[in-house]
Amino acid sequence: MIEKTPKILVVDDEKLTLKNLSYVLSKEGYEVKTAESGTLALKYLQEEEFDVVITDLKMEKVTGLDVLEKCKEWWPDTEVVIITAYATVDSAIEAMKKGAYYYIMKPFKLEELRKVVKEAVEKVYLKKENKKLKEELEKNKEEVKIITKNPEMKRILDIAEKIAPTDCPVLILGETGTGKELLARYIHSKSHRRNKTFLAINCGAFTEELLANELFGHEKGAYTGAVTTKKGLLEIADGGTLFLDEITEMSPTMQVKFLRVLQEKEFLRIGGTEPIKVDVRFIAATNKDIRKEIEGGYFREDLYFRLNVVTLKLPPLSERKEDIPLLAYHFLRKYAKEMHKKVTEIDEDAMKLLMEYDYPGNIRELENIVARAVALTTSEKIEVHHLPEEFRKFKIFTFRKREQKLLTLEEQEKEYIKFVLKETGWNKSLAAQILGIDRATLWRKLKKYGLEENP
């Protein structure tokens with residue numbers, strides 16, 4: 001998103017051209033500065049950074065290529081557009097080698113210039129945003145950090161930080177994959193228990209007997225096979241924090257036993273007779289509607305009241321769209337390091353797809369998608385074809401929530417033709433082959449849908 005007015009430097013030794021370009025670009029909403037020579041342009045570039053530089057190629061003393069070279073040396077993120085009436089293949093190749101964004105021949109259409117400048121500005125802002133995201137991710141690498149720009153998440157983190165120093169129980173609600181355990185770890189890291197043990201257990205992963213054994217431990221000879229005394233998680237977490245994920249999956253009998261631990265701060269090992277005192281901070285979580293579980297008789301209301309001192313409800317990723325780029329780059333950095341790959345960037349079109357998807361699996365699903373893409377790419381960039389096939393099709397065939405309607409057959413055909421043409425670089429022969437039609441039919445469809453030759 002472009003939050004400030006883009007700055008453009010226009011360089012040309014023809015005053016009329018300079019005036020016309022300045023007028024057109026100012027009408028587009030850009031902040032425009034003009035230079036009547038390459039020498040003056042270099043002076044301006046030494047003083048400040050511009051988002052885009054548009055420069056004539058043929059100028060006395062300091063040429064457009066000189067301006068391009070110095071601009072890229074001083075301001076690598078600035079995009080440079082070369083304009084010339086003396087276009088040659090050699091000059092175009094040289095300009096591109098030196099880092100020019102685009103090469104336009106005079107006389108040019110104003111619509112072409114507007115389009116090129118708009119795309120150049122978007123590229124500059126995308127690079128700056130990527131750099132900003134990477135800088136944010138470099139901060140506080142070692143500490144438990146929850147990455148977010150979302151106002152609701154920031155409110156939750158503010159509450160979490162305030163209650164962290166206390167020992168009150170916390171109940172975390174949220175869909176699967178929203179980061180409930182990470183929030184529990186965050187609370188632990190901000191508490192006076194931070195240097196003690198943090199343990200997590202998924203209550204739904206064990207039978208009643210196994211869960212009791214994991215939590216309480218057992219005495220030697222408590223049952224067949226109990227050849228030694230075993231400490232449970234409650235003892236091991238003494239002084240620290242115990243996170244009980246999917247607490248609503250506990251059996252009614254286990255709920256009674258755990259309620260006693262909450263109330264008395266003590267328990268008996270399986271087969272034991274001596275109460276064991278513990279000092280543990282409890283954080284519980286569930287992805288279910290806990291009120292419905294209580295009403296259905298599956299979860300004890302008194303246990304809920306003991307846990308519900310502070311309740312934090314995490315929003316799904318579909319309600320945290322602004323966090324997707326930040327999270328995607330976090331996972332990119334994580335898996336690039338793990339897989340020993342030099343992947344540093346997510347292509348703009350790929351990021352658009354990531355932003356449009358609803359993520360029923362939430363953050364965990366996004367992480368898996370990025371991990372897969374990092375594994376597949378052989379370059380430094382994640383592109384659309386590195387995303388899952390069904391994920392890519394989502395862009396064309398998805399239910400349009402904003403419009404609250406499905407695409408018509410014609411709308412789907414138009415979108416799909418545009419998609420195939422873009423993927424093939426507007427190679428009509430290849431596109432027609434993929435679409436299963438001949439070039440003449442493709443041409444008629446392009447006319448029918450008013451699609452440009454190569455927008």
# chains A, B, ... in the order shown; residues from 1 in each chain; ligands from 1

$ residues_around --residues "Arg372 of chain A" --least-positions-apart "6" --cutoff "12 Å" --atoms "only C-alpha atoms" --output "PyMOL selection string"
chain A and resi 328+331-332+335-336+339+365-366+382-383+385-389

$ write_last_selection --atoms "C-alpha atoms" --output "CSV table (one decimal), in the first residue's frame"
chain,number,residue,atom,x,y,z
A,328,ALA,CA,4.8,-15.2,5.1
A,331,PHE,CA,8.2,-18.4,7.6
A,332,LEU,CA,10.2,-17.7,4.4
A,335,TYR,CA,12.5,-22.4,6.1
A,336,ALA,CA,15.1,-20.9,3.9
A,339,MET,CA,16.6,-25.9,4.0
A,365,GLU,CA,-1.8,-23.6,6.9
A,366,LEU,CA,0.1,-20.5,5.7
A,382,ILE,CA,8.7,-17.6,-4.5
A,383,GLU,CA,6.4,-17.3,-7.5
A,385,HIS,CA,3.8,-21.7,-9.7
A,386,HIS,CA,5.4,-22.6,-6.4
A,387,LEU,CA,2.0,-22.4,-4.6
A,388,PRO,CA,-0.2,-25.5,-4.5
A,389,GLU,CA,-2.2,-26.0,-7.7

$ residues_around --residues "Glu175 of chain A" --least-positions-apart "6" --cutoff "12 Å" --atoms "only C-alpha atoms" --output "JSON, numbers by chain"
{"A": [181, 245, 246, 285, 286, 287, 288, 289, 313, 314, 315, 316, 317, 318, 319, 359, 360, 361, 362, 363, 364]}

$ closest_residue --among "A:Leu451, A:Ala100, A:Ala440, A:Ala35" --to "Phe419 of chain A" --atoms "only C-alpha atoms"
A:Leu451

$ residues_around --residues "Glu111 of chain A" --least-positions-apart "3" --cutoff "12 Å" --atoms "only C-alpha atoms" --output "short mmCIF file (atom, residue, chain, number, x, y, z; two decimals) with C-alpha atoms, in the first residue's frame"
data_model
loop_
_atom_site.label_atom_id
_atom_site.label_comp_id
_atom_site.auth_asym_id
_atom_site.auth_seq_id
_atom_site.Cartn_x
_atom_site.Cartn_y
_atom_site.Cartn_z
CA LEU A 21 5.69 15.34 -18.59
CA VAL A 24 0.79 14.86 -16.91
CA LEU A 25 2.47 13.24 -13.91
CA GLU A 28 -1.75 11.70 -11.71
CA PHE A 108 5.26 7.67 -26.93
CA ARG A 114 1.26 6.42 -17.06
CA LYS A 115 1.11 2.63 -16.95
CA VAL A 116 4.90 2.21 -16.80
CA VAL A 117 5.29 4.84 -14.06
CA LYS A 118 2.43 3.36 -12.00
CA PRO A 455 -2.09 -5.21 -20.65
#

$ residues_around --residues "Leu303 of chain A" --least-positions-apart "3" --cutoff "6 Å" --atoms "only C-alpha atoms" --output "VMD selection string"
chain A and resid 259 300 306

$ write_last_selection --atoms "N, CA and C atoms" --output "short mmCIF file (atom, residue, chain, number, x, y, z; two decimals), in the first residue's frame"
data_model
loop_
_atom_site.label_atom_id
_atom_site.label_comp_id
_atom_site.auth_asym_id
_atom_site.auth_seq_id
_atom_site.Cartn_x
_atom_site.Cartn_y
_atom_site.Cartn_z
N LEU A 259 -9.55 -30.27 38.59
CA LEU A 259 -10.16 -29.19 39.37
C LEU A 259 -9.57 -29.16 40.77
N ARG A 300 -17.28 -29.38 32.76
CA ARG A 300 -17.77 -28.93 34.06
C ARG A 300 -17.77 -27.39 34.14
N ARG A 306 -13.05 -21.77 37.23
CA ARG A 306 -11.70 -21.72 37.78
C ARG A 306 -10.67 -21.31 36.73
#
